[in-house]
There are 4 protein chains.
Amino acid sequence: MGKGRLEAFSDGVIAILITIMVLELKVPVGRSLDALTPLIPVFLSYVLSFVYVGIYWNNHHHMLHTLEKVTGPVLWANLHLLFWISLIPFTTGWMGANHFAPVPTALYGGVLFMAGAAYFLLEQAIIASQGPHSLLKKAVGDDWKGKSSPVIYLVAIAAASKAPWLAQALYVSVALLWLVPDRRIERALAARR
Amino acid sequence: MGKGRLEAFSDGVIAILITIMVLELKVPVGRSLDALTPLIPVFLSYVLSFVYVGIYWNNHHHMLHTLEKVTGPVLWANLHLLFWISLIPFTTGWMGANHFAPVPTALYGGVLFMAGAAYFLLEQAIIASQGPHSLLKKAVGDDWKGKSSPVIYLVAIAAASKAPWLAQALYVSVALLWLVPDRRIERALAARR
Amino acid sequence: MGKGRLEAFSDGVIAILITIMVLELKVPVGRSLDALTPLIPVFLSYVLSFVYVGIYWNNHHHMLHTLEKVTGPVLWANLHLLFWISLIPFTTGWMGANHFAPVPTALYGGVLFMAGAAYFLLEQAIIASQGPHSLLKKAVGDDWKGKSSPVIYLVAIAAASKAPWLAQALYVSVALLWLVPDRRIERALAARR
Amino acid sequence: MGKGRLEAFSDGVIAILITIMVLELKVPVGRSLDALTPLIPVFLSYVLSFVYVGIYWNNHHHMLHTLEKVTGPVLWANLHLLFWISLIPFTTGWMGANHFAPVPTALYGGVLFMAGAAYFLLEQAIIASQGPHSLLKKAVGDDWKGKSSPVIYLVAIAAASKAPWLAQALYVSVALLWLVPDRRIERALAARR
């Protein structure tokens, strides 16, 4: 079964999602700079989510490099990941429109948490498809980034009701943590060659 | 003629359709959890349709593996299938916005029925393009899933006016029926090799 | 320069355009069958335009098969064609929302005329890129379809103010004329091999 | 790491952006030609931005031809470029809806300036990835177009408050400057072969 088509479909969906988010930046009424002021939180949440979706694309790209054959579980785990990423434009729009209010901030973290969990499940499905000598398993190692991110999301969700700005700071921190591409997979692929 | 480009175009259309559906989840006014309550049926119908479109992508992907040459009928049967899938975001939005009311529920099933019929026509066009020793014909066999799904859709449409929730349960059942990817095509391809 | 990327980009744009048109089918207020009645002309114009965009994709697909190298003029002639096709969702929406009124019907034909002209220019740019023994030139021959379509569009535009339904009938006729894929290019490619 | 997937993802995003802009051309109320009059500035700004995004796609296409391996910086510089291009539909819509008023005109130039800067950064990231004998560095040479464009944008932004039409003329001029595809990269690639 074609890995190329799985990549192409995922690329298509992620490219559309990253672009659909910009539609929440609605053309304002009014022609002065002031007309843009209410859009500032919408813009900032767009930037944050653009980076998050970019990180997902980037790491998805790396992870699929190790994929050898597309099994049923891999295919559905991939669709499941795309499903949660597809909710990011909605939570981004809601959070931006409400100036980072507590509940939208918590929901934003909730969807990031589910997307992180879906990414983990896809990782496990690929590892299972590769049998006992899985290249991806070796590459991922103890995966401290993958393990600490959900914990930070949960802290952020808990903090959102009292200190939504702390939650935002935590979301930015996780993004920065992942901005550096994952050398582990590259190293494991290079070692095999 | 290029099978690759037919796949790429179909992937593009399906990726856009699966993503456009999420636009029906409109950012609500209000910043509390209560603001999300009216979105619950919209969300549930999004989940159902995401799974349906995912299934179509998945099976389309498998079926096209057996395609050897893109004939005129295959090309138009493929566009015809994409046409009916393209109506799923509309019926999903209408059904979700009306909390699974009878008529929207029946129309939802009607479009699924037509998409199923279009899928069957594409299958026949590919079989015809492969001549007497069609690999796909062998792979598909008696196709009990393909034959029972339209019957279940028709039952659901008939039930929608009296018991829309029964119709929903039937739509979920057909989705579960198809969630398991179709091993027949893989087996037939493996046997040929 | 990569012909593959030109095809992929064109496929992407055409796939998005064919899908964006369905967004004009706005989810109606009301849950009865009557709520769908005002959507009938929108739906019919969607069907017509879906077929037109499908024809463009199909013929574009065939024409690019003969392309050997992507020159500057080919690249811009292709973007020019995509520009005019990109206006079809707008004219479709306007015509459908106004129940095939004269001016929207004429504008619909005007955009089809310009798209046809852009297609002709792309054909000429490809022929020019192929030098004196152009495969595409041979394949296209006297191109009666390409020559008669713009004439029919002009007749339809002229008829739109008095008899918009005649204009519609002419648009449907041109679509039917092109529905049959263009064997000339396939024959010319086969002959060369 | 796959250059193909970087191209495919960029193509997807650019294809969606170029198409999303047309959504600002909202179907007007009214069925006469007069109903179209208020859309003229929206249409003109769409044409200008279509050409700009087309130029970016075209030059991006050429530049990536010289890319040999996808490094982390190249990947993020590419996403950064896509981010700024993704704001063009918004600034296009705002400028068109306000009939080329001063502030929207200046913001339009500001986003073009940032996109130009992001393009320059991507160029530098690719050159850095190619080591001392960078093919792209040789091809780009002194890059008078790349150096003069941001200066012209800044002049246009400064002029926008007093003479927005001068700013528009400058944007059109830069577009015309770039409409001719960049032969330098083609020549450098040909020379290497």
# chains A, B, ... in the order shown; residues from 1 in each chain; ligands from 1

call {"tool": "interface_residues", "arguments": {"of": "chain B", "to": "chain A", "cutoff": "9 Å", "atoms": "only C-alpha atoms", "output": "ChimeraX atom specification"}}
result
/B:7-8,11-12,14-16,18-20,22-23,25-33,47,50-51,54,58,61-62,65,179-181,186

call {"tool": "select_by_dssp", "arguments": {"residues": "stretch 52-147 of chain A", "states": "alpha helix (DSSP H)", "output": "NGL selection string"}}
result
:A and (52-65 or 72-86 or 88-97 or 102-129 or 135-140 or 144-147)

call {"tool": "residues_around", "arguments": {"residues": "D:Leu136", "least_positions_apart": "6", "cutoff": "12 Å", "atoms": "only C-alpha atoms", "output": "VMD selection string"}}
result
chain D and resid 62 to 68 122 to 130 142 to 143 184 to 189 192

call {"tool": "residues_around", "arguments": {"residues": "D:Tyr171", "least_positions_apart": "2", "cutoff": "8 Å", "atoms": "only C-alpha atoms", "output": "list in words"}}
result
Gly109, Tyr153, Ala156, Ala167, Gln168, Ala169, Ser173, Val174 and Ala175 of chain D

call {"tool": "write_last_selection", "arguments": {"atoms": "C-alpha atoms", "output": "compact mmCIF listing (two decimals), in the first residue's frame"}}
result
# COMPACT_ATOMS: atom_id res chain seq x y z
CA GLY D 109 2.91 46.76 1.41
CA TYR D 153 7.86 48.56 -0.81
CA ALA D 156 5.19 52.73 -1.26
CA ALA D 167 1.75 53.10 -3.67
CA GLN D 168 -0.49 50.91 -5.88
CA ALA D 169 1.54 51.87 -8.95
CA SER D 173 5.77 47.87 -10.85
CA VAL D 174 7.41 45.35 -8.52
CA ALA D 175 5.05 42.66 -9.80

call {"tool": "closest_residue", "arguments": {"among": "A:Val172, A:Ala191, A:Ala159, A:Ala115", "to": "A:Ser45", "atoms": "only C-alpha atoms"}}
result
A:Val172

call {"tool": "atom_distance", "arguments": {"atom1": "atom CA of D:Met114", "atom2": "atom CA of D:Leu154"}}
result
10.8 Å

call {"tool": "atom_distance", "arguments": {"atom1": "atom CA of A:Ile85", "atom2": "atom CA of A:Tyr56"}}
result
8.5 Å

call {"tool": "decode", "arguments": {"residues": "stretch 63-89 of chain D", "atoms": "C-alpha atoms", "output": "short mmCIF file (atom, residue, chain, number, x, y, z; two decimals), in the first residue's frame"}}
result
data_model
loop_
_atom_site.label_atom_id
_atom_site.label_comp_id
_atom_site.auth_asym_id
_atom_site.auth_seq_id
_atom_site.Cartn_x
_atom_site.Cartn_y
_atom_site.Cartn_z
CA MET D 63 14.77 28.21 -5.97
CA LEU D 64 13.89 24.78 -4.62
CA HIS D 65 15.30 23.20 -7.76
CA THR D 66 18.75 23.92 -6.41
CA LEU D 67 17.95 22.47 -2.98
CA GLU D 68 19.87 19.30 -2.23
CA LYS D 69 18.94 18.45 1.32
CA VAL D 70 16.17 19.71 3.59
CA THR D 71 17.77 20.97 6.82
CA GLY D 72 15.93 22.22 9.91
CA PRO D 73 16.58 25.90 9.09
CA VAL D 74 15.37 25.43 5.49
CA LEU D 75 12.18 23.79 6.74
CA TRP D 76 11.37 26.57 9.19
CA ALA D 77 12.44 29.37 6.84
CA ASN D 78 10.01 27.85 4.35
CA LEU D 79 7.16 27.77 6.89
CA HIS D 80 8.02 31.36 7.83
CA LEU D 81 7.68 32.41 4.19
CA LEU D 82 4.34 30.59 3.92
CA PHE D 83 3.17 32.40 7.07
CA TRP D 84 3.65 35.83 5.52
CA ILE D 85 2.14 34.78 2.20
CA SER D 86 -0.85 33.47 4.20
CA LEU D 87 -1.59 37.04 5.31
CA ILE D 88 -1.91 38.31 1.72
CA PRO D 89 -5.60 37.23 1.39
#
